[in-house]
$ cat my_file08.csv   # CSV, C-alpha atoms
chain,number,residue,atom,x,y,z
A,1,MET,CA,109.0,80.3,125.7
A,2,ALA,CA,107.5,83.5,124.4
A,3,ALA,CA,107.0,82.0,121.0
A,4,ASP,CA,104.6,79.4,122.6
A,5,ARG,CA,102.3,82.0,124.4
A,6,PRO,CA,99.4,83.8,122.8
A,7,ALA,CA,100.5,87.3,122.2
A,8,ALA,CA,98.6,90.2,123.7
A,9,ALA,CA,99.6,92.5,120.9
A,10,GLY,CA,96.7,94.9,120.5
A,11,VAL,CA,95.6,93.2,117.3
A,12,SER,CA,92.1,91.8,117.1
A,13,PRO,CA,91.7,89.8,113.9
A,14,PRO,CA,88.4,88.0,113.3
A,15,PRO,CA,87.9,84.9,115.4
A,16,ARG,CA,89.2,81.6,114.1
A,17,ALA,CA,90.7,82.8,110.9
A,18,PHE,CA,92.3,80.4,108.4
A,19,VAL,CA,94.9,81.9,106.1
A,20,VAL,CA,96.2,79.8,103.2
A,21,THR,CA,99.5,81.1,101.9
A,22,VAL,CA,101.2,79.8,98.8
A,23,ASP,CA,104.8,80.8,97.9
A,24,THR,CA,104.2,81.1,94.2
A,25,GLU,CA,107.6,80.5,92.6
A,26,GLY,CA,109.5,78.6,89.9
A,27,ASP,CA,109.8,74.8,89.6
A,28,ASP,CA,111.9,72.9,92.2
A,29,LEU,CA,114.0,75.7,93.5
A,30,TRP,CA,115.4,73.3,96.1
A,31,ALA,CA,117.6,72.0,93.2
A,32,ARG,CA,119.0,75.5,92.7
A,33,PRO,CA,118.4,75.6,89.0
A,34,ARG,CA,120.1,78.2,86.8
A,35,GLU,CA,117.2,78.1,84.3
A,36,ILE,CA,114.1,78.5,86.3
A,37,GLY,CA,110.9,77.0,84.8
A,38,THR,CA,107.3,77.9,85.6
A,39,ARG,CA,105.4,74.8,84.5
A,40,ASN,CA,103.8,74.5,87.9
A,41,ALA,CA,101.5,77.5,87.0
A,42,ALA,CA,99.4,75.0,85.0
A,43,PHE,CA,98.8,72.9,88.1
A,44,LEU,CA,97.4,75.6,90.4
A,45,PRO,CA,93.7,75.7,89.4
A,46,ARG,CA,93.1,72.3,91.1
A,47,PHE,CA,94.4,73.7,94.4
A,48,GLN,CA,92.3,76.9,94.0
A,49,ALA,CA,89.2,74.8,93.3
A,50,LEU,CA,89.8,72.7,96.5
A,51,CYS,CA,90.2,75.9,98.5
A,52,GLU,CA,86.9,77.2,97.1
A,53,ASP,CA,85.1,73.9,97.9
A,54,PHE,CA,85.7,74.7,101.6
A,55,GLY,CA,85.2,78.4,101.4
A,56,PHE,CA,88.9,79.2,101.8
A,57,VAL,CA,90.6,82.1,99.9
A,58,PRO,CA,94.3,81.5,99.2
A,59,THR,CA,96.9,84.3,99.3
A,60,TRP,CA,99.3,83.7,96.3
A,61,LEU,CA,102.6,85.2,97.3
A,62,VAL,CA,104.3,85.7,93.9
A,63,ASN,CA,107.9,86.0,93.0
A,64,HIS,CA,109.6,87.5,89.9
A,65,GLU,CA,109.5,84.6,87.5
A,66,MET,CA,105.9,83.8,88.2
A,67,ALA,CA,104.9,87.4,87.9
A,68,CYS,CA,106.4,87.2,84.4
A,69,CYS,CA,104.7,83.9,83.5
A,70,PRO,CA,101.7,84.4,81.2
A,71,VAL,CA,100.0,81.2,82.4
A,72,PHE,CA,100.1,82.4,86.0
A,73,GLN,CA,99.1,86.0,85.0
A,74,ARG,CA,95.9,84.7,83.4
A,75,PHE,CA,95.2,82.4,86.4
A,76,GLY,CA,95.9,85.2,89.0
A,77,GLN,CA,93.7,87.7,87.1
A,78,ARG,CA,90.8,85.3,87.1
A,79,VAL,CA,91.2,84.7,90.8
A,80,LEU,CA,91.1,88.4,91.5
A,81,GLN,CA,88.1,89.0,89.2
A,82,ARG,CA,86.1,86.3,91.0
A,83,GLY,CA,87.2,87.6,94.4
A,84,THR,CA,88.4,84.1,95.4
A,85,GLY,CA,92.0,84.9,96.4
A,86,GLU,CA,94.7,87.5,96.7
A,87,ILE,CA,98.0,88.3,95.0
A,88,GLY,CA,100.9,89.2,97.4
A,89,MET,CA,104.6,89.4,97.0
A,90,HIS,CA,107.4,86.8,97.6
A,91,LEU,CA,110.9,88.2,96.9
A,92,HIS,CA,113.8,85.9,96.0
A,93,ALA,CA,116.7,88.3,96.1
A,94,TRP,CA,119.1,86.4,93.9
A,95,ASN,CA,117.0,86.6,90.7
A,96,SER,CA,114.8,89.6,91.3
A,97,PRO,CA,115.8,92.8,89.5
A,98,PRO,CA,117.9,94.8,89.7
A,99,ILE,CA,120.4,92.0,89.5
A,100,VAL,CA,123.7,92.8,91.3
A,101,PRO,CA,125.8,89.7,92.1
A,102,LEU,CA,126.5,89.3,95.8
A,103,THR,CA,128.4,86.1,95.7
A,104,GLU,CA,130.5,84.1,93.2
A,105,ASP,CA,127.4,82.1,92.4
A,106,ASP,CA,124.1,83.6,93.6
A,107,PHE,CA,121.9,80.8,92.0
A,108,HIS,CA,123.8,78.3,94.1
A,109,HIS,CA,124.0,80.3,97.4
A,110,GLN,CA,120.5,82.0,97.1
A,111,PRO,CA,121.5,84.9,99.3
A,112,TYR,CA,118.9,86.5,101.6
A,113,LEU,CA,117.6,90.0,100.7
A,114,ILE,CA,118.7,91.2,104.1
A,115,GLU,CA,122.3,90.4,103.1
A,116,TYR,CA,122.3,93.1,100.4
A,117,PRO,CA,122.9,96.9,101.0
A,118,GLU,CA,119.8,98.7,102.1
A,119,ASP,CA,119.5,100.8,98.9
A,120,LEU,CA,119.5,97.6,96.8
A,121,MET,CA,117.0,95.9,99.2
A,122,GLU,CA,114.7,98.9,98.5
A,123,ALA,CA,115.3,98.8,94.8
A,124,LYS,CA,114.3,95.1,94.6
A,125,ILE,CA,111.2,95.6,96.7
A,126,ASP,CA,110.2,98.6,94.6
A,127,HIS,CA,110.7,96.7,91.3
A,128,LEU,CA,108.7,93.6,92.2
A,129,ALA,CA,105.9,95.6,93.9
A,130,ARG,CA,105.5,97.7,90.8
A,131,LEU,CA,105.6,94.7,88.5
A,132,LEU,CA,102.9,92.8,90.5
A,133,ARG,CA,100.6,95.8,90.8
A,134,SER,CA,101.0,96.5,87.0
A,135,ARG,CA,100.5,92.9,85.9
A,136,PHE,CA,97.5,92.2,88.1
A,137,ASP,CA,96.0,95.8,88.2
A,138,SER,CA,95.4,95.3,91.9
A,139,PRO,CA,96.8,96.6,95.2
A,140,VAL,CA,99.5,94.3,96.5
A,141,THR,CA,99.8,94.7,100.3
A,142,SER,CA,100.8,91.3,101.6
A,143,HIS,CA,104.3,89.8,101.6
A,144,ARG,CA,106.6,86.9,102.6
A,145,ALA,CA,110.4,87.1,102.5
A,146,GLY,CA,112.3,84.6,100.5
A,147,ARG,CA,113.9,81.9,102.6
A,148,TRP,CA,112.2,83.3,105.7
A,149,ALA,CA,114.8,86.0,106.3
A,150,PHE,CA,113.3,89.2,107.7
A,151,ASP,CA,114.6,92.1,109.8
A,152,ALA,CA,113.5,95.6,111.0
A,153,ARG,CA,115.0,97.3,107.9
A,154,TYR,CA,112.9,95.0,105.7
A,155,ALA,CA,109.8,95.7,107.6
A,156,ARG,CA,110.3,99.5,107.4
A,157,LEU,CA,111.0,99.3,103.6
A,158,LEU,CA,107.8,97.2,103.0
A,159,GLN,CA,105.7,99.8,104.9
A,160,ARG,CA,107.3,102.6,102.8
A,161,HIS,CA,106.2,100.8,99.7
A,162,GLY,CA,102.6,100.3,100.7
A,163,PHE,CA,102.6,96.9,102.3
A,164,GLU,CA,100.4,96.2,105.3
A,165,VAL,CA,101.1,92.7,106.4
A,166,ASP,CA,104.0,90.2,106.4
A,167,CYS,CA,104.0,86.4,107.1
A,168,SER,CA,107.8,85.6,107.3
A,169,VAL,CA,108.0,84.7,110.9
A,170,THR,CA,108.2,81.0,111.8
A,171,PRO,CA,107.9,81.0,115.6
A,172,GLY,CA,110.2,78.7,117.5
A,173,VAL,CA,112.4,78.0,114.5
A,174,ASP,CA,116.1,79.0,114.4
A,175,TRP,CA,117.4,79.5,110.8
A,176,ARG,CA,120.9,80.6,111.7
A,177,ALA,CA,122.5,77.4,110.3
A,178,ALA,CA,120.8,77.9,106.9
A,179,ARG,CA,123.4,79.8,105.0
A,180,GLY,CA,122.7,82.5,102.3
A,181,ALA,CA,125.8,84.3,101.2
A,182,PRO,CA,128.9,82.4,102.5
A,183,GLN,CA,130.2,85.6,104.1
A,184,GLY,CA,126.8,86.1,105.8
A,185,ARG,CA,125.5,85.1,109.3
A,186,GLY,CA,122.8,82.7,108.1
A,187,GLY,CA,119.1,83.1,108.7
A,188,ILE,CA,117.0,84.5,111.5
A,189,ASP,CA,116.4,83.0,114.9
A,190,TYR,CA,112.6,83.2,115.5
A,191,ARG,CA,112.6,81.4,118.8
A,192,SER,CA,111.5,84.4,120.8
A,193,PHE,CA,108.9,85.6,118.4
A,194,PRO,CA,105.1,85.5,119.2
A,195,ARG,CA,102.9,82.9,117.6
A,196,ASP,CA,99.9,85.1,117.1
A,197,PRO,CA,99.4,88.2,114.9
A,198,TYR,CA,100.9,91.4,116.2
A,199,ARG,CA,102.1,94.8,115.1
A,200,MET,CA,105.8,94.7,114.9
A,201,ASP,CA,107.9,97.2,116.9
A,202,ALA,CA,109.8,99.3,114.3
A,203,GLN,CA,113.2,98.6,116.0
A,204,ARG,CA,112.6,95.2,117.7
A,205,ILE,CA,110.5,93.2,115.3
A,206,GLU,CA,110.1,90.3,117.9
A,207,ARG,CA,108.1,92.7,120.1
A,208,PRO,CA,104.6,94.0,119.6
A,209,GLY,CA,104.4,97.8,119.5
A,210,GLY,CA,103.2,100.9,117.8
A,211,ASP,CA,101.8,101.1,114.3
A,212,GLY,CA,104.3,98.8,112.6
A,213,LEU,CA,103.7,96.2,110.0
A,214,LEU,CA,101.2,93.5,110.9
A,215,GLN,CA,102.9,90.2,111.3
A,216,VAL,CA,101.0,86.9,110.8
A,217,PRO,CA,103.3,84.1,111.8
A,218,VAL,CA,103.1,80.6,110.2
A,219,SER,CA,101.4,78.1,112.5
A,220,VAL,CA,104.3,76.2,114.0
A,221,LEU,CA,104.0,74.1,117.2
A,222,ARG,CA,106.5,72.2,119.3
A,223,SER,CA,105.9,68.5,118.8
A,224,ARG,CA,104.4,66.5,121.7
A,225,LEU,CA,107.6,64.5,122.0
A,226,HIS,CA,109.6,67.7,122.3
A,227,ARG,CA,107.2,69.1,124.9
A,228,TRP,CA,107.3,65.8,126.9
A,229,ALA,CA,110.9,64.9,126.5
A,230,PRO,CA,113.0,67.9,125.2
A,231,TRP,CA,116.2,66.2,126.4
A,232,ALA,CA,115.8,63.6,123.7
A,233,TYR,CA,116.7,66.2,121.1
A,234,ARG,CA,119.9,67.1,122.9
A,235,VAL,CA,121.4,63.8,124.0
A,236,PRO,CA,124.0,62.5,121.5
A,237,GLY,CA,122.8,59.2,120.0
A,238,LEU,CA,119.1,60.0,120.7
A,239,ARG,CA,118.7,63.2,118.7
A,240,GLY,CA,118.7,61.5,115.3
A,241,ARG,CA,116.2,58.9,116.4
A,242,ALA,CA,113.9,61.4,118.1
A,243,TRP,CA,114.0,63.6,115.0
A,244,ARG,CA,113.1,60.7,112.7
A,245,HIS,CA,110.2,59.8,115.1
A,246,ARG,CA,108.9,63.4,115.3
A,247,PRO,CA,110.7,66.6,114.3
A,248,ASP,CA,110.9,69.0,117.1
A,249,ARG,CA,108.5,71.4,115.3
A,250,GLN,CA,105.2,70.7,113.7
A,251,TRP,CA,104.2,73.0,110.9
A,252,LEU,CA,100.9,73.6,109.2
A,253,TYR,CA,102.8,72.7,106.0
A,254,PRO,CA,101.4,69.7,104.1
A,255,ASP,CA,103.8,67.3,102.4
A,256,GLY,CA,101.7,64.3,101.8
A,257,ARG,CA,103.0,62.4,104.9
A,258,ASN,CA,102.3,64.7,107.9
A,259,LEU,CA,98.6,64.7,108.3
A,260,VAL,CA,98.8,63.5,111.9
A,261,SER,CA,101.1,66.3,113.0
A,262,MET,CA,99.0,68.9,111.2
A,263,ARG,CA,95.9,67.7,112.9
A,264,GLU,CA,97.7,68.3,116.2
A,265,VAL,CA,98.5,71.9,115.2
A,266,VAL,CA,94.8,72.5,114.3
A,267,GLU,CA,93.5,70.9,117.5
A,268,GLU,CA,96.0,72.9,119.7
A,269,ALA,CA,94.9,76.1,118.0
A,270,ARG,CA,91.2,75.3,118.5
A,271,ALA,CA,91.7,74.3,122.2
A,272,ALA,CA,93.9,77.3,123.0
A,273,GLY,CA,91.5,79.7,121.3
A,274,ARG,CA,94.2,81.0,119.0
A,275,PRO,CA,92.8,83.6,116.6
A,276,VAL,CA,94.6,82.6,113.4
A,277,LEU,CA,95.8,79.4,111.7
A,278,GLU,CA,98.2,80.0,108.8
A,279,MET,CA,99.2,77.2,106.4
A,280,VAL,CA,102.1,77.5,104.0
A,281,LEU,CA,102.7,75.6,100.7
A,282,HIS,CA,104.9,76.2,97.6
A,283,SER,CA,103.2,76.3,94.2
A,284,SER,CA,105.7,73.9,92.7
A,285,GLU,CA,104.8,71.3,95.4
A,286,LEU,CA,101.4,71.0,93.6
A,287,MET,CA,103.1,69.6,90.4
A,288,PRO,CA,104.7,66.1,89.9
A,289,GLY,CA,108.4,66.6,89.8
A,290,GLY,CA,108.2,70.1,91.2
A,291,SER,CA,109.7,69.5,94.6
A,292,PRO,CA,111.5,66.9,96.7
A,293,ASN,CA,108.1,66.2,98.4
A,294,GLY,CA,106.3,65.5,95.1
A,295,ARG,CA,108.4,63.6,92.7
A,296,ASP,CA,105.6,61.8,91.0
A,297,ALA,CA,101.8,61.8,90.5
A,298,ALA,CA,101.2,59.4,93.4
A,299,ALA,CA,102.9,61.8,95.8
A,300,ILE,CA,100.7,64.6,94.5
A,301,GLU,CA,97.6,62.5,95.1
A,302,ALA,CA,98.7,61.8,98.6
A,303,LEU,CA,99.2,65.5,99.2
A,304,TYR,CA,95.6,66.2,98.0
A,305,ARG,CA,94.2,63.5,100.2
A,306,ASP,CA,95.8,65.2,103.2
A,307,LEU,CA,94.8,68.6,102.1
A,308,ARG,CA,91.2,67.6,101.8
A,309,ALA,CA,91.2,66.0,105.3
A,310,LEU,CA,93.0,69.0,106.8
A,311,PHE,CA,90.6,71.5,105.3
A,312,ALA,CA,87.6,69.4,106.5
A,313,GLN,CA,89.1,69.5,110.1
A,314,VAL,CA,89.8,73.3,109.9
A,315,ALA,CA,86.3,74.0,108.7
A,316,GLN,CA,84.7,71.8,111.4
A,317,ALA,CA,86.8,73.6,114.0
A,318,GLY,CA,85.1,76.8,113.0
A,319,PHE,CA,87.9,78.6,111.3
A,320,ARG,CA,86.8,80.8,108.4
A,321,GLY,CA,88.9,81.5,105.3
A,322,ILE,CA,90.5,85.0,104.8
A,323,THR,CA,93.4,86.4,102.9
A,324,LEU,CA,96.3,88.1,104.5
A,325,GLY,CA,95.3,91.5,103.1
A,326,ALA,CA,91.7,91.2,104.4
A,327,LEU,CA,93.0,90.1,107.8
A,328,ALA,CA,95.2,93.2,107.9
A,329,ARG,CA,92.2,95.4,107.0
A,330,GLU,CA,90.0,93.9,109.6
A,331,ALA,CA,92.8,94.1,112.2
A,332,GLY,CA,93.3,97.8,111.3
A,333,SER,CA,89.6,98.6,111.7
A,334,THR,CA,89.3,97.4,115.3

$ encode --input "my_file08.csv" --output "structure tokens"
Amino acid sequence: MAADRPAAAGVSPPPRAFVVTVDTEGDDLWARPREIGTRNAAFLPRFQALCEDFGFVPTWLVNHEMACCPVFQRFGQRVLQRGTGEIGMHLHAWNSPPIVPLTEDDFHHQPYLIEYPEDLMEAKIDHLARLLRSRFDSPVTSHRAGRWAFDARYARLLQRHGFEVDCSVTPGVDWRAARGAPQGRGGIDYRSFPRDPYRMDAQRIERPGGDGLLQVPVSVLRSRLHRWAPWAYRVPGLRGRAWRHRPDRQWLYPDGRNLVSMREVVEEARAAGRPVLEMVLHSSELMPGGSPNGRDAAAIEALYRDLRALFAQVAQAGFRGITLGALAREAGST
């Protein structure tokens, strides 16, 4: 599949770059709360310090409620002042102004931004971009879409508002079964998208081309079981057991239980000479009770054990830390 081949995309990012992205958002949004808390902001310095221990520089992709959170504002400002991270944008359409209801219950359905009219898409992008740039007195040029939903209109609007790089693509993953608005068509099918950074064609974002937005896909790999026996995921009666043994996709997405599969992703990237590794995490996953993966303090400690082991492997493999914005600037200078 195209998504599993290195992309010859005319982009030359620095060799062996490691990008740490954090979707910086309210507490346990998987529970679809109507009152969104931001207590997880107090738990972020520990993760920042761990990144700095290994010379990595996280990109904090911030949504509306966290941009308005005084605790996160102070944290983000300190990170920027010390040059140890970057503030980017992460847009959750259902609670990012201007608020215009799209369904009978937007907090339950969490509709995708691409399901709104284009003028409202642009208004939401403009509002959050201005808010972030004002609160942090800094350029904001990196972005990830809420719930991974991205299209060509979205890419063009981001460029119009000064964004240089996006990281919404999850190569090999089909999100069409994940509903947003009930009347919508579900999420995006990324199975034909490249795995490596590329400039997105303005009309066909799955194709490299032109001077479009730089796309830096999340590191996702077909599992070894899926590569060796893909039929096991299709045969009735076997699919459930195969999935429990090993999901068909392995993400660089720590959850406190998947260190082995993440090690495989890193090793494959090293062996294949892939230019960029990109890890994803949610800010609320760093707080006990902030996500389904981290319901208590023991789960958070397991997550940090895996993070430290993963970071040690990434560093030993020769990947250097860089933010999304810095990666875009270096790619643009080649």

$ closest_residue --input "my_file08.csv" --among "A:Arg199, A:Arg222, A:Arg16, A:His282" --to "Val173 (chain A)" --atoms "all atoms listed in the file"
A:Arg222

$ closest_residue --input "my_file08.csv" --among "A:Gly210, A:Pro98, A:Pro217, A:Gly37" --to "Pro194 (chain A)" --atoms "all atoms listed in the file"
A:Pro217

$ residues_around --input "my_file08.csv" --residues "region 184-192 of chain A" --least-positions-apart "3" --cutoff "6 Å" --atoms "only C-alpha atoms" --output "JSON, numbers by chain"
{"A": [2, 3, 149, 171, 172, 173, 174, 175, 176, 177, 178, 179, 180, 181]}

$ write_last_selection --input "my_file08.csv" --atoms "C-alpha atoms" --output "PDB file, in the coordinates of the input"
ATOM      1  CA  ALA A   2     107.500  83.500 124.400  1.00  0.00           C
ATOM      2  CA  ALA A   3     107.000  82.000 121.000  1.00  0.00           C
ATOM      3  CA  ALA A 149     114.800  86.000 106.300  1.00  0.00           C
ATOM      4  CA  PRO A 171     107.900  81.000 115.600  1.00  0.00           C
ATOM      5  CA  GLY A 172     110.200  78.700 117.500  1.00  0.00           C
ATOM      6  CA  VAL A 173     112.400  78.000 114.500  1.00  0.00           C
ATOM      7  CA  ASP A 174     116.100  79.000 114.400  1.00  0.00           C
ATOM      8  CA  TRP A 175     117.400  79.500 110.800  1.00  0.00           C
ATOM      9  CA  ARG A 176     120.900  80.600 111.700  1.00  0.00           C
ATOM     10  CA  ALA A 177     122.500  77.400 110.300  1.00  0.00           C
ATOM     11  CA  ALA A 178     120.800  77.900 106.900  1.00  0.00           C
ATOM     12  CA  ARG A 179     123.400  79.800 105.000  1.00  0.00           C
ATOM     13  CA  GLY A 180     122.700  82.500 102.300  1.00  0.00           C
ATOM     14  CA  ALA A 181     125.800  84.300 101.200  1.00  0.00           C
TER      15      ALA A 181
END

$ closest_residue --input "my_file08.csv" --among "A:Tyr112, A:Phe319, A:Tyr154, A:Tyr304" --to "Arg274 (chain A)" --atoms "all atoms listed in the file"
A:Phe319

$ atom_distance --input "my_file08.csv" --atom1 "CA of Phe43 (chain A)" --atom2 "CA of Glu86 (chain A)"
17.4 Å

$ closest_residue --input "my_file08.csv" --among "A:Ile87, A:Met287, A:Glu115, A:Ala326" --to "Thr103 (chain A)" --atoms "all atoms listed in the file"
A:Glu115

$ closest_residue --input "my_file08.csv" --among "A:Arg257, A:Arg160, A:Arg329, A:His64" --to "Asp306 (chain A)" --atoms "all atoms listed in the file"
A:Arg257

$ atom_distance --input "my_file08.csv" --atom1 "CA of Gln77 (chain A)" --atom2 "CA of Leu131 (chain A)"
13.9 Å

$ decode --input "my_file08.csv" --residues "region 145-167 of chain A" --atoms "N, CA and C atoms" --output "PDB file, in the first residue's frame"
ATOM      1  N   ALA A 145      -5.978  18.543  13.546  1.00  0.00           N
ATOM      2  CA  ALA A 145      -7.439  18.599  13.554  1.00  0.00           C
ATOM      3  C   ALA A 145      -8.003  17.800  14.717  1.00  0.00           C
ATOM      4  N   GLY A 146      -9.107  18.287  15.267  1.00  0.00           N
ATOM      5  CA  GLY A 146      -9.836  17.516  16.263  1.00  0.00           C
ATOM      6  C   GLY A 146     -10.402  16.253  15.653  1.00  0.00           C
ATOM      7  N   ARG A 147     -10.208  15.146  16.347  1.00  0.00           N
ATOM      8  CA  ARG A 147     -10.717  13.837  15.934  1.00  0.00           C
ATOM      9  C   ARG A 147     -10.177  13.403  14.572  1.00  0.00           C
ATOM     10  N   TRP A 148      -9.012  13.916  14.188  1.00  0.00           N
ATOM     11  CA  TRP A 148      -8.277  13.458  13.009  1.00  0.00           C
ATOM     12  C   TRP A 148      -8.964  13.765  11.678  1.00  0.00           C
ATOM     13  N   ALA A 149      -9.976  14.625  11.666  1.00  0.00           N
ATOM     14  CA  ALA A 149     -10.758  14.842  10.445  1.00  0.00           C
ATOM     15  C   ALA A 149     -10.207  16.027   9.660  1.00  0.00           C
ATOM     16  N   PHE A 150      -9.693  15.763   8.459  1.00  0.00           N
ATOM     17  CA  PHE A 150      -8.979  16.762   7.681  1.00  0.00           C
ATOM     18  C   PHE A 150      -9.344  16.608   6.217  1.00  0.00           C
ATOM     19  N   ASP A 151      -9.397  17.727   5.488  1.00  0.00           N
ATOM     20  CA  ASP A 151      -9.639  17.661   4.048  1.00  0.00           C
ATOM     21  C   ASP A 151      -8.950  18.831   3.359  1.00  0.00           C
ATOM     22  N   ALA A 152      -9.112  18.923   2.039  1.00  0.00           N
ATOM     23  CA  ALA A 152      -8.412  19.951   1.263  1.00  0.00           C
ATOM     24  C   ALA A 152      -8.869  21.351   1.640  1.00  0.00           C
ATOM     25  N   ARG A 153     -10.154  21.536   1.925  1.00  0.00           N
ATOM     26  CA  ARG A 153     -10.632  22.863   2.350  1.00  0.00           C
ATOM     27  C   ARG A 153      -9.932  23.289   3.626  1.00  0.00           C
ATOM     28  N   TYR A 154      -9.851  22.381   4.562  1.00  0.00           N
ATOM     29  CA  TYR A 154      -9.212  22.651   5.856  1.00  0.00           C
ATOM     30  C   TYR A 154      -7.761  23.068   5.632  1.00  0.00           C
ATOM     31  N   ALA A 155      -7.050  22.326   4.780  1.00  0.00           N
ATOM     32  CA  ALA A 155      -5.639  22.643   4.512  1.00  0.00           C
ATOM     33  C   ALA A 155      -5.494  24.041   3.927  1.00  0.00           C
ATOM     34  N   ARG A 156      -6.351  24.393   2.966  1.00  0.00           N
ATOM     35  CA  ARG A 156      -6.257  25.721   2.349  1.00  0.00           C
ATOM     36  C   ARG A 156      -6.573  26.822   3.352  1.00  0.00           C
ATOM     37  N   LEU A 157      -7.554  26.601   4.214  1.00  0.00           N
ATOM     38  CA  LEU A 157      -7.900  27.607   5.221  1.00  0.00           C
ATOM     39  C   LEU A 157      -6.763  27.805   6.218  1.00  0.00           C
ATOM     40  N   LEU A 158      -6.119  26.732   6.608  1.00  0.00           N
ATOM     41  CA  LEU A 158      -4.986  26.860   7.533  1.00  0.00           C
ATOM     42  C   LEU A 158      -3.871  27.692   6.906  1.00  0.00           C
ATOM     43  N   GLN A 159      -3.539  27.413   5.659  1.00  0.00           N
ATOM     44  CA  GLN A 159      -2.503  28.211   5.002  1.00  0.00           C
ATOM     45  C   GLN A 159      -2.903  29.676   4.915  1.00  0.00           C
ATOM     46  N   ARG A 160      -4.149  29.931   4.643  1.00  0.00           N
ATOM     47  CA  ARG A 160      -4.625  31.312   4.552  1.00  0.00           C
ATOM     48  C   ARG A 160      -4.432  32.044   5.868  1.00  0.00           C
ATOM     49  N   HIS A 161      -4.469  31.311   6.977  1.00  0.00           N
ATOM     50  CA  HIS A 161      -4.347  31.934   8.297  1.00  0.00           C
ATOM     51  C   HIS A 161      -2.959  31.735   8.913  1.00  0.00           C
ATOM     52  N   GLY A 162      -1.973  31.503   8.073  1.00  0.00           N
ATOM     53  CA  GLY A 162      -0.591  31.544   8.530  1.00  0.00           C
ATOM     54  C   GLY A 162      -0.022  30.253   9.065  1.00  0.00           C
ATOM     55  N   PHE A 163      -0.714  29.137   8.890  1.00  0.00           N
ATOM     56  CA  PHE A 163      -0.180  27.860   9.359  1.00  0.00           C
ATOM     57  C   PHE A 163       0.737  27.254   8.296  1.00  0.00           C
ATOM     58  N   GLU A 164       1.761  26.553   8.764  1.00  0.00           N
ATOM     59  CA  GLU A 164       2.770  25.990   7.868  1.00  0.00           C
ATOM     60  C   GLU A 164       2.785  24.467   7.874  1.00  0.00           C
ATOM     61  N   VAL A 165       2.273  23.847   8.931  1.00  0.00           N
ATOM     62  CA  VAL A 165       2.421  22.396   9.069  1.00  0.00           C
ATOM     63  C   VAL A 165       1.222  21.824   9.812  1.00  0.00           C
ATOM     64  N   ASP A 166       0.801  20.654   9.365  1.00  0.00           N
ATOM     65  CA  ASP A 166      -0.296  19.928   9.998  1.00  0.00           C
ATOM     66  C   ASP A 166       0.168  18.505  10.306  1.00  0.00           C
ATOM     67  N   CYS A 167      -0.476  17.877  11.294  1.00  0.00           N
ATOM     68  CA  CYS A 167      -0.105  16.497  11.646  1.00  0.00           C
ATOM     69  C   CYS A 167      -1.355  15.670  11.924  1.00  0.00           C
TER      70      CYS A 167
END
